[in-house]
file run26.cif (mmCIF, C-alpha atoms)
data_entry
#
loop_
_atom_site.label_atom_id
_atom_site.label_comp_id
_atom_site.auth_asym_id
_atom_site.auth_seq_id
_atom_site.Cartn_x
_atom_site.Cartn_y
_atom_site.Cartn_z
CA MET U 1 -90.49 173.05 174.92
CA THR U 2 -87.76 172.16 177.42
CA ASP U 3 -87.12 168.64 178.67
CA ASP U 4 -88.61 169.50 182.05
CA GLU U 5 -91.74 170.93 180.45
CA LEU U 6 -92.15 167.87 178.25
CA ARG U 7 -91.69 165.58 181.23
CA GLN U 8 -94.25 167.48 183.29
CA ARG U 9 -96.71 167.45 180.44
CA LEU U 10 -96.30 163.70 180.02
CA ALA U 11 -96.52 163.11 183.76
CA ALA U 12 -99.81 165.01 183.86
CA SER U 13 -101.19 162.63 181.23
CA ALA U 14 -100.47 159.48 183.24
CA PRO U 15 -103.47 157.21 183.92
CA PRO U 16 -104.77 157.36 187.48
CA SER U 17 -102.79 155.13 189.79
CA ASP U 18 -103.63 156.34 193.28
CA PRO U 19 -104.57 155.52 195.92
CA VAL U 20 -102.16 152.65 196.48
CA ASP U 21 -101.86 150.35 199.44
CA PRO U 22 -99.29 151.64 201.95
CA VAL U 23 -96.53 149.20 202.90
CA THR U 24 -97.66 149.49 206.54
CA SER U 25 -101.12 148.11 205.71
CA ASP U 26 -102.29 144.73 206.99
CA ARG U 27 -102.60 143.59 203.42
CA ALA U 28 -99.00 144.41 202.60
CA ARG U 29 -97.81 142.79 205.79
CA ALA U 30 -99.78 139.61 205.07
CA LEU U 31 -98.36 139.48 201.54
CA MET U 32 -94.79 139.85 202.79
CA GLU U 33 -95.24 137.19 205.46
CA ASP U 34 -96.71 134.83 202.92
CA ILE U 35 -93.79 135.41 200.56
CA MET U 36 -91.16 135.10 203.29
CA SER U 37 -92.58 131.74 204.28
CA THR U 38 -91.56 130.46 200.84
CA THR U 39 -88.54 128.19 201.05
CA VAL U 40 -85.47 129.43 199.26
CA THR U 41 -82.56 127.13 198.45
CA GLN U 42 -79.11 127.70 199.91
CA PRO U 43 -77.57 131.05 199.02
CA ARG U 44 -75.75 130.70 195.78
CA PRO U 45 -71.97 130.92 195.73
CA ASP U 46 -70.53 134.04 194.17
CA THR U 47 -69.34 132.17 191.15
CA ARG U 48 -69.75 132.96 187.58
CA ARG U 49 -71.03 131.03 184.67
CA TYR U 50 -69.32 127.72 184.07
CA ARG U 51 -68.00 127.13 180.65
CA LEU U 52 -69.84 124.63 178.57
CA VAL U 53 -67.45 122.40 176.77
CA GLY U 54 -68.18 120.62 173.54
CA ALA U 55 -71.81 121.68 173.16
CA VAL U 56 -73.32 121.39 169.71
CA ALA U 57 -74.25 124.82 168.58
CA ALA U 58 -77.46 125.93 166.97
CA ALA U 59 -78.15 129.35 165.57
CA LEU U 60 -80.92 131.17 167.36
CA VAL U 61 -83.03 133.51 165.33
CA ALA U 62 -85.67 135.78 166.80
CA VAL U 63 -88.40 136.77 164.38
CA VAL U 64 -91.84 138.29 164.32
CA GLY U 65 -93.04 141.06 166.55
CA GLY U 66 -89.92 142.99 165.74
CA TRP U 67 -88.16 142.52 169.04
CA ALA U 68 -84.54 141.59 169.15
CA ILE U 69 -83.74 138.66 171.35
CA PHE U 70 -80.64 140.17 172.84
CA SER U 71 -80.46 143.35 174.83
CA GLY U 72 -78.91 146.27 173.07
CA ALA U 73 -79.75 145.00 169.61
CA PRO U 74 -82.03 147.26 167.61
CA THR U 75 -85.67 146.25 167.47
CA GLY U 76 -87.28 145.10 164.26
CA GLU U 77 -84.23 143.17 163.15
CA PRO U 78 -83.80 139.42 163.36
CA VAL U 79 -80.57 138.15 164.84
CA VAL U 80 -78.81 135.57 162.69
CA LEU U 81 -75.76 133.68 163.80
CA ASN U 82 -73.66 130.90 162.37
CA ALA U 83 -73.99 127.36 163.53
CA ASN U 84 -70.90 125.37 164.42
CA GLY U 85 -70.84 121.63 164.56
CA GLY U 86 -69.41 119.89 167.58
CA ASP U 87 -69.47 116.89 169.81
CA ALA U 88 -72.59 117.09 171.90
CA MET U 89 -72.23 116.47 175.62
CA ALA U 90 -68.54 115.71 175.20
CA SER U 91 -67.78 117.33 178.54
CA CYS U 92 -70.43 118.88 180.71
CA LEU U 93 -70.04 120.35 184.14
CA ALA U 94 -72.68 119.53 186.72
CA PHE U 95 -76.00 121.32 186.28
CA ASP U 96 -76.95 123.84 188.92
CA THR U 97 -79.66 126.46 189.13
CA ALA U 98 -77.15 129.22 189.92
CA THR U 99 -75.61 128.81 186.51
CA LEU U 100 -79.03 128.53 184.88
CA ALA U 101 -80.09 131.83 186.46
CA ASP U 102 -77.18 133.62 184.81
CA PHE U 103 -78.18 132.69 181.29
CA SER U 104 -79.82 135.24 179.06
CA PRO U 105 -81.81 134.81 176.88
CA ALA U 106 -83.97 132.13 178.44
CA PHE U 107 -87.47 131.27 177.33
CA GLY U 108 -90.16 128.61 177.15
CA GLY U 109 -91.83 127.85 173.85
CA THR U 110 -93.71 125.23 171.87
CA VAL U 111 -92.58 123.84 168.53
CA THR U 112 -95.06 124.86 165.86
CA ASP U 113 -93.05 123.92 162.79
CA LEU U 114 -90.19 121.55 162.15
CA THR U 115 -87.92 120.80 159.22
CA ASP U 116 -84.73 118.79 159.27
CA SER U 117 -82.74 121.92 159.94
CA THR U 118 -85.07 124.47 161.54
CA ALA U 119 -87.37 124.38 164.54
CA THR U 120 -89.88 127.21 164.96
CA LEU U 121 -91.04 127.83 168.51
CA GLU U 122 -93.90 130.01 169.68
CA VAL U 123 -92.73 131.64 172.88
CA ASP U 124 -95.14 131.64 175.81
CA ARG U 125 -92.75 132.86 178.48
CA TRP U 126 -89.57 134.85 178.67
CA TYR U 127 -87.47 134.27 181.75
CA ALA U 128 -84.68 136.63 180.70
CA GLY U 129 -83.33 138.70 177.88
CA GLY U 130 -85.98 138.83 175.17
CA ASP U 131 -89.45 139.66 173.99
CA ALA U 132 -89.96 137.87 170.68
CA GLU U 133 -93.19 136.04 169.93
CA VAL U 134 -91.43 133.43 167.79
CA VAL U 135 -87.93 132.00 167.80
CA GLU U 136 -86.38 129.95 165.05
CA ILE U 137 -83.59 127.57 165.87
CA ASN U 138 -81.39 126.52 162.97
CA TYR U 139 -79.92 123.27 164.16
CA THR U 140 -77.44 120.67 163.02
CA PRO U 141 -77.61 116.91 163.55
CA GLY U 142 -77.17 116.01 167.17
CA PHE U 143 -79.22 118.93 168.47
CA GLU U 144 -81.78 116.61 170.02
CA ALA U 145 -79.08 114.91 172.05
CA LEU U 146 -77.75 118.34 173.04
CA ILE U 147 -80.99 119.18 174.75
CA GLY U 148 -81.50 115.70 176.12
CA THR U 149 -84.51 114.67 174.09
CA PRO U 150 -84.82 111.74 171.66
CA ALA U 151 -86.48 113.83 168.97
CA LEU U 152 -87.96 117.28 168.52
CA GLU U 153 -91.69 117.19 168.08
CA VAL U 154 -94.29 119.68 166.94
CA GLY U 155 -96.52 120.53 169.87
CA GLN U 156 -93.85 119.81 172.49
CA ARG U 157 -92.73 122.59 174.80
CA TYR U 158 -89.08 123.25 175.54
CA LEU U 159 -87.13 125.52 177.87
CA ILE U 160 -84.17 127.06 176.07
CA THR U 161 -81.19 129.15 177.11
CA ALA U 162 -78.58 130.55 174.77
CA THR U 163 -75.21 132.21 175.00
CA ASP U 164 -74.07 134.55 172.25
CA GLY U 165 -76.86 133.24 170.03
CA VAL U 166 -75.94 129.61 170.55
CA VAL U 167 -78.32 127.23 172.32
CA ASN U 168 -76.84 125.83 175.51
CA GLY U 169 -76.77 122.09 176.20
CA CYS U 170 -75.54 120.28 179.26
CA GLY U 171 -78.97 120.39 180.87
CA TYR U 172 -79.50 124.12 180.36
CA SER U 173 -82.04 123.57 177.59
CA GLY U 174 -84.55 120.75 177.34
CA LEU U 175 -88.04 119.40 177.35
CA ALA U 176 -90.33 121.37 179.67
CA THR U 177 -91.22 118.70 182.19
CA PRO U 178 -92.87 119.84 185.46
CA GLU U 179 -89.66 119.08 187.37
CA TYR U 180 -87.47 120.98 184.93
CA GLU U 181 -89.89 123.91 184.92
CA ALA U 182 -89.75 124.01 188.71
CA GLN U 183 -85.95 124.31 188.51
CA TRP U 184 -86.36 127.20 186.10
CA ASP U 185 -88.86 128.93 188.37
CA GLU U 186 -86.37 128.55 191.20
CA ALA U 187 -83.46 129.80 189.13
CA PHE U 188 -85.19 132.83 187.64
CA GLY U 189 -87.29 133.50 190.68
CA ALA U 190 -90.58 133.63 188.78
CA MET P 1 -74.20 125.22 208.63
CA SER P 2 -75.28 125.42 212.26
CA GLU P 3 -78.92 126.01 213.11
CA HIS P 4 -78.02 129.30 214.77
CA ARG P 5 -76.16 130.47 211.71
CA LYS P 6 -79.11 129.48 209.50
CA TRP P 7 -81.43 131.44 211.73
CA MET P 8 -79.16 134.51 211.64
CA GLU P 9 -78.89 134.36 207.87
CA ASN P 10 -82.63 133.99 207.47
CA ALA P 11 -83.30 136.91 209.81
CA SER P 12 -80.83 139.04 207.85
CA ARG P 13 -82.50 138.04 204.61
CA ARG P 14 -85.92 138.95 205.96
CA ARG P 15 -84.71 142.35 207.09
CA ARG P 16 -83.16 143.04 203.68
CA PHE P 17 -86.35 141.99 201.93
CA GLU P 18 -88.58 144.07 204.20
CA ARG P 19 -86.41 147.16 203.79
CA THR P 20 -86.42 146.75 200.03
CA VAL P 21 -90.20 146.28 199.90
CA GLU P 22 -90.61 149.52 201.89
CA ASP P 23 -88.87 151.31 199.04
CA VAL P 24 -90.54 149.62 196.09
CA TYR P 25 -94.06 148.65 197.20
CA GLN P 26 -95.96 151.79 196.26
CA PRO P 27 -94.08 152.69 193.05
CA LEU P 28 -94.50 149.06 191.96
CA GLN P 29 -98.26 149.21 192.47
CA ARG P 30 -98.45 152.49 190.53
CA TYR P 31 -96.42 151.00 187.68
CA ALA P 32 -98.80 148.03 187.48
CA ARG P 33 -101.97 150.12 187.85
CA ARG P 34 -100.95 152.31 184.93
CA ARG P 35 -100.44 149.32 182.66
CA VAL P 36 -102.83 146.45 183.45
CA ASP P 37 -106.45 145.88 184.38
CA PRO P 38 -107.15 146.56 188.06
CA HIS P 39 -107.81 142.87 188.75
CA ASP P 40 -104.30 141.96 187.50
CA VAL P 41 -102.42 144.46 189.67
CA ASP P 42 -102.22 142.24 192.76
CA ASP P 43 -100.95 139.35 190.65
CA VAL P 44 -98.17 141.46 189.11
CA VAL P 45 -97.15 142.92 192.47
CA SER P 46 -97.13 139.63 194.37
CA GLU P 47 -95.26 137.76 191.61
CA THR P 48 -92.66 140.53 191.46
CA LEU P 49 -92.15 140.52 195.22
CA LEU P 50 -91.88 136.73 195.22
CA THR P 51 -89.11 137.01 192.63
CA LEU P 52 -87.47 139.68 194.77
CA TRP P 53 -87.55 137.34 197.80
CA ARG P 54 -85.95 134.53 195.83
CA ARG P 55 -83.26 136.74 194.30
CA ILE P 56 -82.64 139.19 197.15
CA ASP P 57 -79.11 137.88 197.60
CA ASP P 58 -78.28 138.76 194.00
CA LEU P 59 -79.76 142.26 194.03
CA PRO P 60 -77.02 144.86 193.54
CA ALA P 61 -77.24 147.84 195.89
CA GLY P 62 -79.10 150.94 194.86
CA ILE P 63 -81.16 149.57 191.98
CA ALA P 64 -84.03 147.84 193.73
CA LEU P 65 -86.82 149.83 192.09
CA PRO P 66 -85.69 149.57 188.45
CA TRP P 67 -84.83 145.92 189.05
CA CYS P 68 -88.35 145.24 190.39
CA LEU P 69 -89.96 147.20 187.57
CA GLY P 70 -87.98 145.08 185.11
CA VAL P 71 -89.36 141.92 186.71
CA ALA P 72 -92.91 143.38 186.71
CA ARG P 73 -92.50 144.33 183.07
CA ARG P 74 -91.66 140.73 182.21
CA HIS P 75 -94.64 139.43 184.20
CA ILE P 76 -96.96 141.84 182.40
CA ALA P 77 -95.60 140.79 179.00
CA ASN P 78 -96.05 137.11 179.89
CA LEU P 79 -99.58 137.82 181.11
CA ARG P 80 -100.50 139.59 177.89
CA ARG P 81 -98.93 136.86 175.80
CA SER P 82 -100.85 134.18 177.67
CA ARG P 83 -104.14 136.11 177.30
CA SER P 84 -103.54 136.76 173.64
CA ARG P 85 -102.92 133.08 173.04
CA ARG P 86 -106.19 132.10 174.76
CA LEU P 87 -108.08 134.60 172.61
CA LYS P 88 -106.72 133.26 169.34
CA LEU P 89 -109.89 131.31 168.61
CA VAL P 90 -112.08 134.29 169.43
CA ASP P 91 -112.61 137.29 167.22
CA LYS P 92 -110.05 139.70 168.62
CA LEU P 93 -112.14 142.68 167.63
CA GLU P 94 -114.74 141.58 170.11
CA ALA P 95 -112.53 140.27 172.91
CA GLN P 96 -109.50 142.40 173.57
CA PRO P 97 -106.58 141.36 175.78
CA SER P 98 -106.00 143.14 179.05
CA HIS P 99 -105.98 146.91 178.69
CA PRO P 100 -104.55 149.39 181.13
CA PRO P 101 -106.69 152.23 182.42
CA GLN P 102 -106.65 155.25 180.14
CA ALA P 103 -106.26 158.82 181.17
CA PRO P 104 -109.16 160.98 179.90
CA ASP P 105 -107.84 162.18 176.59
CA HIS P 106 -109.68 165.46 176.65
CA LEU P 107 -107.03 166.55 179.16
CA ASP P 108 -104.41 166.84 176.43
CA PRO P 109 -105.69 165.66 173.06
CA GLU P 110 -102.67 167.11 171.26
CA LEU P 111 -100.32 165.00 173.39
CA GLN P 112 -102.52 161.94 172.94
CA ILE P 113 -102.33 162.25 169.14
CA ALA P 114 -98.57 162.82 169.28
CA MET P 115 -98.04 159.77 171.54
CA ASP P 116 -100.30 157.54 169.45
CA ARG P 117 -98.05 158.18 166.48
CA LEU P 118 -94.96 156.86 168.28
CA SER P 119 -93.76 153.25 168.25
CA ASP P 120 -94.53 151.05 171.27
CA SER P 121 -90.88 151.22 172.27
CA ASP P 122 -90.76 155.04 172.15
CA ARG P 123 -93.99 155.26 174.13
CA GLU P 124 -92.74 152.85 176.76
CA ILE P 125 -89.45 154.63 177.27
CA LEU P 126 -91.14 158.04 177.56
CA GLN P 127 -93.66 156.67 180.03
CA LEU P 128 -90.89 155.24 182.23
CA TRP P 129 -89.13 158.61 182.05
CA ALA P 130 -92.17 160.74 182.85
CA TRP P 131 -94.67 158.54 184.70
CA GLU P 132 -92.15 156.66 186.85
CA GLY P 133 -89.58 159.49 186.86
CA LEU P 134 -86.70 157.19 185.90
CA GLU P 135 -83.41 158.32 184.40
CA ALA P 136 -81.74 156.60 181.45
CA SER P 137 -79.58 154.25 183.52
CA GLU P 138 -82.65 153.10 185.46
CA ILE P 139 -84.67 152.71 182.27
CA ALA P 140 -81.81 150.56 180.96
CA ARG P 141 -82.25 148.22 183.93
CA VAL P 142 -86.04 148.00 183.46
CA MET P 143 -85.89 147.35 179.71
CA ASP P 144 -82.78 145.16 179.77
CA LEU P 145 -80.74 147.59 177.66
CA THR P 146 -77.24 148.96 177.97
CA ASN P 147 -77.02 152.44 179.51
CA ASN P 148 -75.87 153.78 176.18
CA ALA P 149 -78.76 152.23 174.25
CA ALA P 150 -81.28 153.56 176.78
CA SER P 151 -79.82 157.10 176.58
CA ILE P 152 -79.91 157.11 172.81
CA ARG P 153 -83.44 155.70 172.61
CA LEU P 154 -84.71 158.18 175.19
CA HIS P 155 -83.16 161.09 173.33
CA ARG P 156 -84.66 159.95 170.03
CA ALA P 157 -88.08 159.29 171.57
CA LYS P 158 -88.20 162.81 173.05
CA LYS P 159 -87.20 164.26 169.68
CA ARG P 160 -89.89 162.30 167.84
CA LEU P 161 -92.51 163.29 170.38
CA GLY P 162 -91.49 166.93 170.02
CA GLU P 163 -91.84 166.68 166.24
CA ASN P 164 -95.24 165.01 166.55
CA LEU P 165 -96.43 167.67 168.96
CA GLU P 166 -95.36 170.37 166.53
CA LYS P 167 -97.28 168.68 163.72
CA ALA P 168 -100.34 168.28 165.94
CA ARG P 169 -100.15 171.98 166.87
CA LYS P 170 -99.96 173.03 163.21
CA VAL P 171 -102.93 170.86 162.28
CA GLU P 172 -104.93 172.38 165.11
CA ALA P 173 -103.92 175.90 164.11
CA ALA P 174 -104.90 175.22 160.49
CA SER P 175 -108.26 173.75 161.57
CA GLY P 176 -108.91 176.79 163.76
CA HIS P 177 -108.17 179.11 160.82
CA SER P 178 -110.50 177.14 158.52
CA HIS P 179 -113.21 177.12 161.13
CA HIS P 180 -112.93 180.91 161.46
CA ASP P 181 -113.17 181.32 157.67
CA ASN P 182 -116.23 179.08 157.49
CA ARG P 183 -118.02 181.10 160.13
CA LYS P 184 -117.18 184.36 158.31
CA GLU P 185 -118.60 182.92 155.10
CA ALA P 186 -121.75 181.74 156.82
CA ARG P 187 -122.44 185.27 158.17
CA SER P 188 -121.95 187.05 154.82
#
call {"tool": "encode", "arguments": {"input": "run26.cif", "output": "structure tokens"}}
result
Amino acid sequence: MTDDELRQRLAASAPPSDPVDPVTSDRARALMEDIMSTTVTQPRPDTRRYRLVGAVAAALVAVVGGWAIFSGAPTGEPVVLNANGGDAMASCLAFDTATLADFSPAFGGTVTDLTDSTATLEVDRWYAGGDAEVVEINYTPGFEALIGTPALEVGQRYLITATDGVVNGCGYSGLATPEYEAQWDEAFGA
Amino acid sequence: MSEHRKWMENASRRRRFERTVEDVYQPLQRYARRRVDPHDVDDVVSETLLTLWRRIDDLPAGIALPWCLGVARRHIANLRRSRSRRLKLVDKLEAQPSHPPQAPDHLDPELQIAMDRLSDSDREILQLWAWEGLEASEIARVMDLTNNAASIRLHRAKKRLGENLEKARKVEAASGHSHHDNRKEARS
């Protein structure tokens, strides 16, 4: 069977999806107007990610469900990275949502298990770059300060970004307060 | 920024958004309708378009549809995850999370069997290729893969499907032969 034949055969097996609302319908128009009435913050400058200086690193491990946390990595394999010690918050640039929006992976999850070196989080929402059900963070002393919280707690929810498998500090990971979550919704547009 | 300039920028933004929605609105609905319960479709579409409105300034040219499908994909995954979590205390055999509509499988039972034997990832990539008509670079954008990874996975998925179809055909042929023999025996 040729590629075209296979594609046609698969296309014929698609679940029914028509009819769909035309974009000229009143319904579509009302939806667009409602969305366009949503306030958007100032257009972001065309700048790139700021470098985070002196952040304490923690290894980020995606497990369970078989999905790799980083794009391009094969599924079914956990990603394990080394942790490097450092001086937390030694030098942080100002937080802004433009920088937050550039981070991938980014997720929200609740701590379900905690040892003195590993935090296990059950993910309830991916904002970017992953699909795992559970993430394990292998952390070193000072991690709590990195993410701006006095202590990690089982049952607490956190919003976490990482770069190259290392959890970001400087305000780009932390306790999921309503205000912080609103900043994330704004940054990731969801 | 002057008020006039703000107004101009907002008007430009609105026009960009409206033009983009013209291109993506119907394919986005179809994508959602093929994958979630009918009562979740509006939610997926409106959340995706809201994200598009917020990020319209960042949207690179020419990739609006795969970009939007990638956002919808994430919304659907979050929806399923949230439903699954709420059902944890309930017997999952009795209360299933959201299921997409199914095509009648009598239309192509051989294909159904062959697809069922694939991994979720293979199935998803083939569905994006055939149902949404996307090419590898667009699939890469939807699934947050590199172009290279998407090409390789698509190639492998097609190969595996082809092999499964061949197996399904052989099984059917063998069953047909047995059935014929049984009938011959019954008459003698």
call {"tool": "residues_around", "arguments": {"input": "run26.cif", "residues": "Thr149 in chain U", "least_positions_apart": "5", "cutoff": "8 Å", "atoms": "only C-alpha atoms", "output": "VMD selection string"}}
result
chain U and resid 144 174 to 175
call {"tool": "residues_around", "arguments": {"input": "run26.cif", "residues": "Ala162 in chain U", "least_positions_apart": "6", "cutoff": "8 Å", "atoms": "only C-alpha atoms", "output": "PyMOL selection string"}}
result
chain U and resi 60+103-106+168
call {"tool": "closest_residue", "arguments": {"input": "run26.cif", "among": "P:Ile56, P:Leu126, P:Ile76, P:Ala174", "to": "Leu154 in chain P", "atoms": "only C-alpha atoms"}}
result
P:Leu126
call {"tool": "atom_distance", "arguments": {"input": "run26.cif", "atom1": "CA of Glu47 in chain P", "atom2": "CA of Arg141 in chain P"}}
result
18.4 Å
call {"tool": "resolve_selection", "arguments": {"input": "run26.cif", "expression": "the PyMOL selection byres ((chain U) within 9 of (chain P))", "output": "PyMOL selection string"}}
result
chain U and resi 1+3+6-24+28+31-32+35-36+38-41+43-44+70-75+123-131+133+186-190
call {"tool": "atom_distance", "arguments": {"input": "run26.cif", "atom1": "CA of Trp67 in chain P", "atom2": "CA of Asp120 in chain P"}}
result
20.9 Å
call {"tool": "atom_distance", "arguments": {"input": "run26.cif", "atom1": "CA of Trp184 in chain U", "atom2": "CA of Phe95 in chain U"}}
result
11.9 Å
call {"tool": "axis_aligned_box", "arguments": {"input": "run26.cif", "around": "range 165-184 of chain U", "padding_each_side": "4 Å", "output": "lines of an AutoDock Vina configuration file"}}
result
center_x = -84.2
center_y = 126.0
center_z = 179.4
size_x = 25.3
size_y = 22.5
size_z = 26.7
call {"tool": "closest_residue", "arguments": {"input": "run26.cif", "among": "P:Arg169, P:Leu65, P:Arg83, P:Asn164", "to": "Glu135 in chain P", "atoms": "only C-alpha atoms"}}
result
P:Leu65
call {"tool": "closest_residue", "arguments": {"input": "run26.cif", "among": "P:Leu69, P:Ser175, P:Arg156, P:Glu110", "to": "Leu134 in chain P", "atoms": "only C-alpha atoms"}}
result
P:Leu69
call {"tool": "closest_residue", "arguments": {"input": "run26.cif", "among": "U:Asp102, U:Asp26, U:Asp34, U:Asp4", "to": "Thr161 in chain U", "atoms": "all atoms listed in the file"}}
result
U:Asp102
call {"tool": "residues_around", "arguments": {"input": "run26.cif", "residues": "Pro178 in chain U", "least_positions_apart": "6", "cutoff": "12 Å", "atoms": "all atoms listed in the file", "output": "PyMOL selection string"}}
result
chain U and resi 157-159+184-185
